[in-house]
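Trainee: Provided below: final.csv, containing CSV, C-alpha atoms.
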```csv
chain,number,residue,atom,x,y,z
H,1,MET,CA,-44.9,58.8,-57.7
H,2,ASP,CA,-41.6,59.3,-55.9
H,3,ILE,CA,-41.5,56.9,-53.0
H,4,LEU,CA,-38.9,56.6,-50.2
H,5,TRP,CA,-38.8,53.2,-48.6
H,6,LEU,CA,-37.6,53.4,-45.0
H,7,PRO,CA,-36.6,50.0,-43.6
H,8,GLY,CA,-36.6,48.8,-40.0
H,9,THR,CA,-33.7,48.0,-37.7
H,10,LEU,CA,-30.9,46.0,-39.3
H,11,CYS,CA,-32.8,46.0,-42.7
H,12,ASP,CA,-32.2,47.4,-46.1
H,13,GLY,CA,-34.1,47.6,-49.4
H,14,ARG,CA,-34.7,43.9,-49.4
H,15,LEU,CA,-37.3,44.4,-46.8
H,16,PHE,CA,-39.4,46.1,-49.5
H,17,ALA,CA,-38.5,43.9,-52.4
H,18,PRO,CA,-42.1,42.8,-53.2
H,19,GLN,CA,-43.2,46.4,-53.1
H,20,GLN,CA,-40.4,47.9,-55.1
H,21,ALA,CA,-41.0,45.3,-57.8
H,22,GLN,CA,-44.6,46.4,-58.1
H,23,PHE,CA,-44.2,50.1,-57.8
H,24,GLY,CA,-41.0,50.5,-59.7
H,25,SER,CA,-39.3,52.6,-57.1
H,26,HIS,CA,-36.1,51.5,-55.4
H,27,ARG,CA,-35.1,54.5,-53.4
H,28,THR,CA,-34.1,53.2,-50.0
H,29,PRO,CA,-32.1,55.8,-47.9
H,30,ASN,CA,-29.2,54.8,-45.7
H,31,ILE,CA,-30.6,54.8,-42.1
H,32,THR,CA,-27.5,53.5,-40.4
H,33,ARG,CA,-25.4,56.6,-39.8
H,34,PHE,CA,-26.9,58.2,-36.7
H,35,ASP,CA,-28.0,57.2,-33.2
H,36,SER,CA,-30.7,60.0,-33.2
H,37,VAL,CA,-34.0,59.9,-34.9
H,38,THR,CA,-33.9,63.6,-35.5
H,39,ALA,CA,-30.5,63.6,-37.0
H,40,GLN,CA,-31.2,60.6,-39.2
H,41,ALA,CA,-34.4,62.1,-40.6
H,42,HIS,CA,-32.6,65.4,-41.3
H,43,SER,CA,-29.9,63.5,-43.1
H,44,ILE,CA,-32.4,61.7,-45.3
H,45,TRP,CA,-34.0,65.0,-46.3
H,46,GLN,CA,-30.6,66.5,-47.1
H,47,HIS,CA,-30.1,63.6,-49.6
H,48,THR,CA,-33.6,63.8,-51.1
H,49,GLN,CA,-33.9,66.0,-54.2
H,50,ALA,CA,-37.5,65.5,-55.0
H,51,ALA,CA,-39.8,68.3,-54.0
H,52,ARG,CA,-42.5,65.9,-52.6
H,53,VAL,CA,-42.3,62.2,-51.8
H,54,ALA,CA,-44.4,59.4,-50.4
H,55,LEU,CA,-42.9,57.9,-47.3
H,56,VAL,CA,-43.3,54.2,-46.6
H,57,GLY,CA,-41.6,53.2,-43.3
H,58,LEU,CA,-41.7,49.9,-41.4
H,59,SER,CA,-40.9,49.8,-37.6
H,60,TYR,CA,-37.9,52.0,-37.1
H,61,GLY,CA,-38.5,53.3,-40.6
H,62,GLY,CA,-42.0,54.4,-39.5
H,63,ILE,CA,-40.6,56.3,-36.6
H,64,LEU,CA,-38.2,58.0,-39.1
H,65,ALA,CA,-41.1,58.8,-41.4
H,66,ILE,CA,-43.1,60.5,-38.6
H,67,GLU,CA,-40.0,62.6,-37.8
H,68,MET,CA,-39.5,63.4,-41.4
H,69,ILE,CA,-43.1,64.7,-41.9
H,70,ARG,CA,-42.7,66.7,-38.7
H,71,GLN,CA,-39.6,68.4,-40.1
H,72,HIS,CA,-41.0,69.0,-43.6
H,73,PRO,CA,-44.8,68.3,-43.8
H,74,GLU,CA,-45.0,70.2,-47.1
H,75,ARG,CA,-42.7,67.7,-48.8
H,76,VAL,CA,-44.8,64.6,-47.9
H,77,SER,CA,-47.6,63.6,-50.3
H,78,HIS,CA,-48.6,60.2,-48.7
H,79,LEU,CA,-47.5,58.4,-45.5
H,80,ALA,CA,-47.5,54.7,-44.8
H,81,LEU,CA,-46.7,53.5,-41.3
H,82,LEU,CA,-46.1,49.7,-41.3
H,83,ASP,CA,-45.7,47.8,-38.0
H,84,CYS,CA,-44.8,51.0,-36.2
H,85,ASN,CA,-45.2,52.5,-32.7
H,86,ALA,CA,-45.3,56.2,-32.4
H,87,GLY,CA,-45.1,56.1,-28.6
H,88,HIS,CA,-42.0,56.3,-26.5
H,89,ASP,CA,-40.2,53.6,-24.5
H,90,SER,CA,-41.2,52.9,-20.9
H,91,GLY,CA,-38.4,52.8,-18.4
H,92,GLU,CA,-38.5,49.0,-18.5
H,93,ARG,CA,-38.3,48.9,-22.3
H,94,GLN,CA,-35.3,51.3,-22.2
H,95,ARG,CA,-33.6,48.9,-19.8
H,96,GLN,CA,-34.2,46.0,-22.1
H,97,ARG,CA,-32.7,48.0,-25.0
H,98,ASN,CA,-29.7,48.8,-22.9
H,99,GLN,CA,-29.2,45.1,-22.2
H,100,LEU,CA,-29.6,44.3,-25.9
H,101,ILE,CA,-26.8,46.8,-26.8
H,102,THR,CA,-24.6,45.3,-24.1
H,103,ARG,CA,-25.2,41.8,-25.5
H,104,VAL,CA,-24.7,42.8,-29.1
H,105,MET,CA,-21.4,44.5,-28.4
H,106,GLY,CA,-20.3,41.6,-26.3
H,107,GLY,CA,-20.2,39.1,-29.3
H,108,ASN,CA,-22.4,36.3,-30.7
H,109,PHE,CA,-24.3,38.9,-32.8
H,110,GLU,CA,-25.7,36.4,-35.4
H,111,ALA,CA,-26.8,34.0,-32.7
H,112,LEU,CA,-28.6,36.9,-31.0
H,113,VAL,CA,-30.4,37.8,-34.2
H,114,LEU,CA,-31.6,34.2,-34.7
H,115,GLU,CA,-32.6,34.0,-31.1
H,116,GLN,CA,-35.0,36.9,-31.4
H,117,LEU,CA,-36.1,36.5,-35.0
H,118,LYS,CA,-38.7,33.7,-35.0
H,119,PRO,CA,-40.5,34.3,-31.7
H,120,LEU,CA,-40.7,38.1,-31.9
H,121,TYR,CA,-40.7,39.1,-35.6
H,122,LEU,CA,-42.8,36.6,-37.6
H,123,GLY,CA,-46.4,35.6,-37.4
H,124,SER,CA,-47.8,32.0,-37.4
H,125,ARG,CA,-48.0,31.8,-41.2
H,126,CYS,CA,-44.3,32.5,-41.8
H,127,ARG,CA,-42.5,31.5,-38.6
H,128,ASP,CA,-40.8,28.6,-40.4
H,129,ASP,CA,-40.5,30.3,-43.8
H,130,GLU,CA,-36.8,29.7,-44.6
H,131,GLY,CA,-36.8,32.3,-47.4
H,132,ILE,CA,-37.9,35.1,-45.1
H,133,LEU,CA,-35.6,33.9,-42.3
H,134,ALA,CA,-32.6,33.8,-44.6
H,135,THR,CA,-33.4,37.3,-46.0
H,136,VAL,CA,-33.7,38.9,-42.6
H,137,ARG,CA,-30.6,37.1,-41.3
H,138,ASP,CA,-28.5,38.2,-44.3
H,139,MET,CA,-29.6,41.8,-43.9
H,140,ALA,CA,-28.8,41.8,-40.2
H,141,VAL,CA,-25.4,40.2,-40.6
H,142,GLU,CA,-24.4,42.6,-43.3
H,143,GLN,CA,-25.4,45.6,-41.2
H,144,GLY,CA,-23.6,44.3,-38.1
H,145,PRO,CA,-23.5,45.1,-34.4
H,146,ALA,CA,-22.4,48.7,-34.6
H,147,VAL,CA,-25.4,49.6,-36.8
H,148,LEU,CA,-27.7,47.8,-34.4
H,149,ALA,CA,-26.3,49.7,-31.4
H,150,ARG,CA,-26.9,53.0,-33.1
H,151,GLN,CA,-30.4,52.2,-34.2
H,152,VAL,CA,-31.4,50.8,-30.9
H,153,LYS,CA,-30.1,54.0,-29.2
H,154,ALA,CA,-32.1,56.1,-31.6
H,155,VAL,CA,-35.3,54.2,-30.9
H,156,ARG,CA,-34.6,54.1,-27.2
H,157,ASP,CA,-34.2,57.9,-26.9
H,158,ARG,CA,-36.9,58.9,-29.4
H,159,PRO,CA,-39.6,61.3,-28.1
H,160,ASP,CA,-43.2,60.4,-27.8
H,161,GLN,CA,-44.5,61.2,-31.3
H,162,ARG,CA,-48.2,60.7,-30.5
H,163,PRO,CA,-48.9,64.4,-29.7
H,164,PHE,CA,-47.8,65.3,-33.2
H,165,LEU,CA,-50.0,62.8,-35.0
H,166,PRO,CA,-53.2,64.9,-35.2
H,167,SER,CA,-51.4,67.5,-37.2
H,168,ILE,CA,-50.7,65.0,-40.1
H,169,THR,CA,-53.0,65.9,-42.9
H,170,CYS,CA,-51.8,63.8,-45.9
H,171,PRO,CA,-53.4,60.5,-46.8
H,172,THR,CA,-52.0,57.9,-44.3
H,173,LEU,CA,-52.0,54.2,-44.1
H,174,ILE,CA,-51.5,52.4,-40.8
H,175,LEU,CA,-50.8,48.7,-41.5
H,176,ALA,CA,-49.5,45.9,-39.2
H,177,GLY,CA,-49.7,42.2,-38.7
H,178,ALA,CA,-52.5,41.2,-36.4
H,179,GLU,CA,-49.9,39.0,-34.7
H,180,ASP,CA,-47.2,41.6,-34.4
H,181,ALA,CA,-45.7,41.1,-30.9
H,182,LEU,CA,-43.6,44.2,-31.0
H,183,CYS,CA,-46.2,46.7,-32.3
H,184,PRO,CA,-49.5,45.1,-31.4
H,185,PRO,CA,-53.0,46.0,-32.7
H,186,ALA,CA,-53.8,48.2,-29.8
H,187,VAL,CA,-50.9,50.5,-30.8
H,188,GLN,CA,-52.2,50.6,-34.4
H,189,HIS,CA,-55.7,51.5,-33.3
H,190,GLU,CA,-54.4,54.3,-31.1
H,191,MET,CA,-52.4,55.8,-34.0
H,192,ALA,CA,-55.3,55.5,-36.4
H,193,ALA,CA,-57.5,57.4,-33.9
H,194,LEU,CA,-55.0,60.2,-33.7
H,195,ILE,CA,-54.3,60.8,-37.5
H,196,PRO,CA,-57.4,62.3,-39.2
H,197,GLN,CA,-56.8,61.1,-42.8
H,198,SER,CA,-55.8,57.6,-41.9
H,199,THR,CA,-56.8,54.1,-42.9
H,200,LEU,CA,-56.1,51.1,-40.6
H,201,CYS,CA,-55.4,47.6,-41.9
H,202,LEU,CA,-54.5,44.6,-39.7
H,203,VAL,CA,-53.3,41.5,-41.6
H,204,PRO,CA,-54.4,38.2,-40.1
H,205,GLY,CA,-51.7,35.6,-39.4
H,206,CYS,CA,-48.9,38.2,-40.0
H,207,GLY,CA,-46.2,39.4,-37.6
H,208,HIS,CA,-43.8,42.3,-37.5
H,209,LEU,CA,-42.5,42.0,-41.1
H,210,ALA,CA,-45.6,42.6,-43.1
H,211,THR,CA,-43.9,43.6,-46.3
H,212,LEU,CA,-42.3,40.1,-46.6
H,213,GLU,CA,-44.9,38.0,-44.8
H,214,ALA,CA,-48.0,39.4,-46.6
H,215,PRO,CA,-46.7,41.2,-49.7
H,216,THR,CA,-50.0,40.9,-51.6
H,217,GLN,CA,-52.0,42.6,-48.9
H,218,VAL,CA,-49.4,45.3,-48.3
H,219,ASN,CA,-49.2,46.1,-52.0
H,220,HIS,CA,-53.0,46.3,-52.3
H,221,ALA,CA,-53.2,48.7,-49.4
H,222,LEU,CA,-50.3,50.8,-50.8
H,223,THR,CA,-52.0,51.0,-54.2
H,224,GLU,CA,-55.2,52.3,-52.5
H,225,LEU,CA,-53.2,54.8,-50.5
H,226,LEU,CA,-51.3,56.2,-53.4
H,227,ALA,CA,-54.5,56.5,-55.5
H,228,HIS,CA,-55.6,59.3,-53.2
```
Hey, can you dump this file as structure tokens for me?
Mentor:
Amino acid sequence: MDILWLPGTLCDGRLFAPQQAQFGSHRTPNITRFDSVTAQAHSIWQHTQAARVALVGLSYGGILAIEMIRQHPERVSHLALLDCNAGHDSGERQRQRNQLITRVMGGNFEALVLEQLKPLYLGSRCRDDEGILATVRDMAVEQGPAVLARQVKAVRDRPDQRPFLPSITCPTLILAGAEDALCPPAVQHEMAALIPQSTLCLVPGCGHLATLEAPTQVNHALTELLAH
């Protein structure tokens, strides 16, 4: 099975380390070049040689996965949307993202990452897990503020993807932490209701980074998805 792992904002392949170890696939595209979801998805396809792939995307990576299957549905065999929101930003959320870009480019980038990491990204089981915190911090610092600014703009300006979801016909997994503060369960239920061939899985005690917080549950769900 040819799998493309699409990480979230300020993340790289380390976000999927437990999954890549089990499934033996380490193909993680560069998702840092563009401030447009459409352009970034197009670029990934340009650099993907396989005729058909399974797409596994978390958060921003999930948004990219939906855009990728919109562009080339015939090339996607399976789809996994992890801790993802297919809706578009409200006006207030766009203002918050603009403020974040301003703060990021104004300095103190690492302090800002740490400020948001524990309360927003991790569930109760892993909020003080130093291994996960260090991994996420290291990924973010290596990506840097310019990458964050581009990715935040891409997410801010994305279209509402929900009208497209009913046209997805491949086997689809929708998985998220039950304590995900950024993409809460109500969002997951809405997406599952819109995608005909979808399975919904909510992981108790888990936040926004399910692949690291609950690797066993995520790997089990992916195994079942890819068996179809």
Trainee: I need the residue nearest His42 (chain H) from this list: H:His72, H:Gly57, H:Pro18, H:Asn98. Use only C-alpha atoms for the distance.
Mentor: H:His72
Trainee: One decimal, Å: what's the distance from CA of His208 (chain H) over to CA of Ala192 (chain H), could you say?
Mentor: 17.5 Å
Trainee: As an exercise, work out the distance from CA of Ile63 (chain H) to CA of Leu120 (chain H) in Å and give it to one decimal place.
Mentor: 18.8 Å
Trainee: Would you be able to write out as a list of chain:residue names which residues have an atom within 8 Å of (-47.4, 53.8, -34.1) in the file's coordinates, counting all atoms listed in the file?
Mentor: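 Output of the proximity query reads H:Gly62, H:Ile63, H:Leu81, H:Asp83, H:Cys84, H:Asn85, H:Ala86, H:Gly87, H:Arg162, H:Ile174, H:Cys183, H:Val187, H:Gln188, H:Glu190, H:Met191.
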Trainee: How far is it from CA of Ala221 (chain H) to CA of Asp89 (chain H), in Å with one decimal?
Mentor: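 Between CA of Ala221 (chain H) and CA of Asp89 (chain H) the gap is 28.5 Å.
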Trainee: For His228 (chain H), which of H:Gly177, H:Pro215, H:Pro171, H:Gly123 is the closest residue, counting only C-alpha atoms?
Mentor: H:Pro171
Trainee: Between H:Arg14, H:His189, H:Arg95, H:Arg70, which one has atoms that come closest to Val37 (chain H), using all atoms listed in the file?
Mentor: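 Among the listed residues, the smallest separation from Val37 (chain H) belongs to H:Arg70.
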Trainee: Smallest atom-to-atom distance to Ala154 (chain H): which of H:Leu200, H:Leu122, H:Ala186, H:Ala39, using only C-alpha atoms?
Mentor: H:Ala39
Trainee: Could you list, as a PDB file with C-alpha atoms, in the coordinates of the input, every residue within 12 Å of Leu55 (chain H), counting all atoms listed in the file and ignoring same-chain residues fewer than 6 positions away?
Mentor:
```pdb
ATOM      1  CA  MET H   1     -44.900  58.800 -57.700  1.00  0.00           C
ATOM      2  CA  ASP H   2     -41.600  59.300 -55.900  1.00  0.00           C
ATOM      3  CA  ILE H   3     -41.500  56.900 -53.000  1.00  0.00           C
ATOM      4  CA  LEU H   4     -38.900  56.600 -50.200  1.00  0.00           C
ATOM      5  CA  TRP H   5     -38.800  53.200 -48.600  1.00  0.00           C
ATOM      6  CA  LEU H   6     -37.600  53.400 -45.000  1.00  0.00           C
ATOM      7  CA  PRO H   7     -36.600  50.000 -43.600  1.00  0.00           C
ATOM      8  CA  SER H  25     -39.300  52.600 -57.100  1.00  0.00           C
ATOM      9  CA  ARG H  27     -35.100  54.500 -53.400  1.00  0.00           C
ATOM     10  CA  THR H  28     -34.100  53.200 -50.000  1.00  0.00           C
ATOM     11  CA  PRO H  29     -32.100  55.800 -47.900  1.00  0.00           C
ATOM     12  CA  ALA H  41     -34.400  62.100 -40.600  1.00  0.00           C
ATOM     13  CA  ILE H  44     -32.400  61.700 -45.300  1.00  0.00           C
ATOM     14  CA  TRP H  45     -34.000  65.000 -46.300  1.00  0.00           C
ATOM     15  CA  THR H  48     -33.600  63.800 -51.100  1.00  0.00           C
ATOM     16  CA  GLY H  61     -38.500  53.300 -40.600  1.00  0.00           C
ATOM     17  CA  GLY H  62     -42.000  54.400 -39.500  1.00  0.00           C
ATOM     18  CA  ILE H  63     -40.600  56.300 -36.600  1.00  0.00           C
ATOM     19  CA  LEU H  64     -38.200  58.000 -39.100  1.00  0.00           C
ATOM     20  CA  ALA H  65     -41.100  58.800 -41.400  1.00  0.00           C
ATOM     21  CA  ILE H  66     -43.100  60.500 -38.600  1.00  0.00           C
ATOM     22  CA  GLU H  67     -40.000  62.600 -37.800  1.00  0.00           C
ATOM     23  CA  MET H  68     -39.500  63.400 -41.400  1.00  0.00           C
ATOM     24  CA  ILE H  69     -43.100  64.700 -41.900  1.00  0.00           C
ATOM     25  CA  HIS H  72     -41.000  69.000 -43.600  1.00  0.00           C
ATOM     26  CA  PRO H  73     -44.800  68.300 -43.800  1.00  0.00           C
ATOM     27  CA  ARG H  75     -42.700  67.700 -48.800  1.00  0.00           C
ATOM     28  CA  VAL H  76     -44.800  64.600 -47.900  1.00  0.00           C
ATOM     29  CA  SER H  77     -47.600  63.600 -50.300  1.00  0.00           C
ATOM     30  CA  HIS H  78     -48.600  60.200 -48.700  1.00  0.00           C
ATOM     31  CA  LEU H  79     -47.500  58.400 -45.500  1.00  0.00           C
ATOM     32  CA  ALA H  80     -47.500  54.700 -44.800  1.00  0.00           C
ATOM     33  CA  LEU H  81     -46.700  53.500 -41.300  1.00  0.00           C
ATOM     34  CA  LEU H  82     -46.100  49.700 -41.300  1.00  0.00           C
ATOM     35  CA  CYS H 170     -51.800  63.800 -45.900  1.00  0.00           C
ATOM     36  CA  PRO H 171     -53.400  60.500 -46.800  1.00  0.00           C
ATOM     37  CA  THR H 172     -52.000  57.900 -44.300  1.00  0.00           C
ATOM     38  CA  LEU H 173     -52.000  54.200 -44.100  1.00  0.00           C
ATOM     39  CA  LEU H 222     -50.300  50.800 -50.800  1.00  0.00           C
ATOM     40  CA  LEU H 225     -53.200  54.800 -50.500  1.00  0.00           C
ATOM     41  CA  LEU H 226     -51.300  56.200 -53.400  1.00  0.00           C
TER      42      LEU H 226
END
```
Trainee: Fewer than 3 positions away in the same chain doesn't count, so skip those; otherwise give me all residues within 10 Å of Leu209 (chain H), counting all atoms listed in the file, as a list of chain:residue names.
Mentor: H:Gly8, H:Leu15, H:Phe16, H:Leu58, H:Ser59, H:Leu82, H:Asp83, H:Tyr121, H:Leu122, H:Gly123, H:Cys126, H:Ile132, H:Val136, H:Ala176, H:Gly177, H:Asp180, H:Cys206, H:Leu212, H:Glu213, H:Ala214, H:Pro215
Trainee: Mind checking which residues fall within 9 Å of Ala17 (chain H), counting only C-alpha atoms, ignoring those fewer than 4 positions away in the same chain, and posting them as a list in words?
Mentor: Gly13, Ala21, Gln22, His26, Thr211 and Leu212 of chain H
Trainee: Taking only all heavy atoms, show region 107-118 of chain H of the given structure as a JSON list (two decimals), in the first residue's frame.
Mentor:
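What follows is the written file part_27.json:
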```
[["chain", "number", "residue", "atom", "x", "y", "z"],
["H", 107, "GLY", "N", 8.39, 38.01, 16.74],
["H", 107, "GLY", "CA", 9.42, 37.45, 17.62],
["H", 107, "GLY", "C", 8.83, 36.53, 18.68],
["H", 107, "GLY", "O", 7.61, 36.34, 18.76],
["H", 108, "ASN", "N", 9.70, 35.95, 19.50],
["H", 108, "ASN", "CA", 9.31, 35.03, 20.59],
["H", 108, "ASN", "C", 8.53, 33.83, 20.06],
["H", 108, "ASN", "O", 7.55, 33.39, 20.67],
["H", 108, "ASN", "CB", 8.49, 35.77, 21.64],
["H", 108, "ASN", "CG", 9.29, 36.86, 22.33],
["H", 108, "ASN", "OD1", 10.46, 36.66, 22.63],
["H", 108, "ASN", "ND2", 8.65, 37.99, 22.57],
["H", 109, "PHE", "N", 8.98, 33.32, 18.93],
["H", 109, "PHE", "CA", 8.27, 32.22, 18.28],
["H", 109, "PHE", "C", 8.18, 30.98, 19.18],
["H", 109, "PHE", "O", 7.10, 30.42, 19.37],
["H", 109, "PHE", "CB", 8.97, 31.87, 16.96],
["H", 109, "PHE", "CG", 8.46, 30.63, 16.29],
["H", 109, "PHE", "CD1", 7.19, 30.60, 15.73],
["H", 109, "PHE", "CD2", 9.24, 29.48, 16.22],
["H", 109, "PHE", "CE1", 6.72, 29.46, 15.11],
["H", 109, "PHE", "CE2", 8.78, 28.35, 15.59],
["H", 109, "PHE", "CZ", 7.51, 28.34, 15.03],
["H", 110, "GLU", "N", 9.29, 30.55, 19.75],
["H", 110, "GLU", "CA", 9.28, 29.34, 20.56],
["H", 110, "GLU", "C", 8.39, 29.51, 21.79],
["H", 110, "GLU", "O", 7.67, 28.59, 22.18],
["H", 110, "GLU", "CB", 10.70, 28.97, 20.99],
["H", 110, "GLU", "CG", 10.77, 27.64, 21.72],
["H", 110, "GLU", "CD", 12.20, 27.16, 21.94],
["H", 110, "GLU", "OE1", 13.14, 27.82, 21.45],
["H", 110, "GLU", "OE2", 12.37, 26.14, 22.60],
["H", 111, "ALA", "N", 8.42, 30.70, 22.39],
["H", 111, "ALA", "CA", 7.56, 30.94, 23.55],
["H", 111, "ALA", "C", 6.09, 30.84, 23.17],
["H", 111, "ALA", "O", 5.26, 30.32, 23.93],
["H", 111, "ALA", "CB", 7.86, 32.32, 24.13],
["H", 112, "LEU", "N", 5.75, 31.32, 21.97],
["H", 112, "LEU", "CA", 4.37, 31.25, 21.50],
["H", 112, "LEU", "C", 3.94, 29.80, 21.28],
["H", 112, "LEU", "O", 2.82, 29.42, 21.64],
["H", 112, "LEU", "CB", 4.23, 32.05, 20.21],
["H", 112, "LEU", "CG", 2.85, 32.03, 19.54],
["H", 112, "LEU", "CD1", 1.80, 32.62, 20.48],
["H", 112, "LEU", "CD2", 2.88, 32.79, 18.23],
["H", 113, "VAL", "N", 4.83, 29.00, 20.71],
["H", 113, "VAL", "CA", 4.53, 27.58, 20.50],
["H", 113, "VAL", "C", 4.22, 26.90, 21.83],
["H", 113, "VAL", "O", 3.22, 26.18, 21.98],
["H", 113, "VAL", "CB", 5.70, 26.87, 19.79],
["H", 113, "VAL", "CG1", 5.51, 25.36, 19.80],
["H", 113, "VAL", "CG2", 5.84, 27.38, 18.36],
["H", 114, "LEU", "N", 5.07, 27.12, 22.82],
["H", 114, "LEU", "CA", 4.88, 26.50, 24.13],
["H", 114, "LEU", "C", 3.62, 27.01, 24.81],
["H", 114, "LEU", "O", 2.92, 26.26, 25.51],
["H", 114, "LEU", "CB", 6.10, 26.76, 25.01],
["H", 114, "LEU", "CG", 7.39, 26.08, 24.55],
["H", 114, "LEU", "CD1", 8.56, 26.54, 25.42],
["H", 114, "LEU", "CD2", 7.25, 24.57, 24.60],
["H", 115, "GLU", "N", 3.30, 28.27, 24.61],
["H", 115, "GLU", "CA", 2.11, 28.87, 25.21],
["H", 115, "GLU", "C", 0.84, 28.18, 24.74],
["H", 115, "GLU", "O", -0.11, 27.98, 25.51],
["H", 115, "GLU", "CB", 2.06, 30.36, 24.84],
["H", 115, "GLU", "CG", 0.78, 31.08, 25.24],
["H", 115, "GLU", "CD", 0.72, 32.48, 24.63],
["H", 115, "GLU", "OE1", 1.72, 33.22, 24.75],
["H", 115, "GLU", "OE2", -0.32, 32.81, 24.04],
["H", 116, "GLN", "N", 0.79, 27.78, 23.47],
["H", 116, "GLN", "CA", -0.42, 27.20, 22.90],
["H", 116, "GLN", "C", -0.43, 25.68, 22.97],
["H", 116, "GLN", "O", -1.50, 25.06, 22.92],
["H", 116, "GLN", "CB", -0.56, 27.64, 21.44],
["H", 116, "GLN", "CG", -0.64, 29.15, 21.28],
["H", 116, "GLN", "CD", -1.51, 29.55, 20.11],
["H", 116, "GLN", "OE1", -2.12, 28.73, 19.46],
["H", 116, "GLN", "NE2", -1.58, 30.84, 19.85],
["H", 117, "LEU", "N", 0.72, 25.07, 23.09],
["H", 117, "LEU", "CA", 0.83, 23.63, 22.93],
["H", 117, "LEU", "C", 0.00, 22.83, 23.93],
["H", 117, "LEU", "O", -0.87, 22.04, 23.56],
["H", 117, "LEU", "CB", 2.30, 23.21, 23.00],
["H", 117, "LEU", "CG", 2.62, 21.74, 22.82],
["H", 117, "LEU", "CD1", 2.03, 21.22, 21.52],
["H", 117, "LEU", "CD2", 4.13, 21.52, 22.85],
["H", 118, "LYS", "N", 0.26, 23.02, 25.22],
["H", 118, "LYS", "CA", -0.38, 22.17, 26.21],
["H", 118, "LYS", "C", -1.89, 22.41, 26.33],
["H", 118, "LYS", "O", -2.67, 21.44, 26.30],
["H", 118, "LYS", "CB", 0.30, 22.33, 27.57],
["H", 118, "LYS", "CG", 1.68, 21.70, 27.62],
["H", 118, "LYS", "CD", 2.38, 21.93, 28.94],
["H", 118, "LYS", "CE", 1.70, 21.22, 30.08],
["H", 118, "LYS", "NZ", 2.49, 21.27, 31.32]]
```
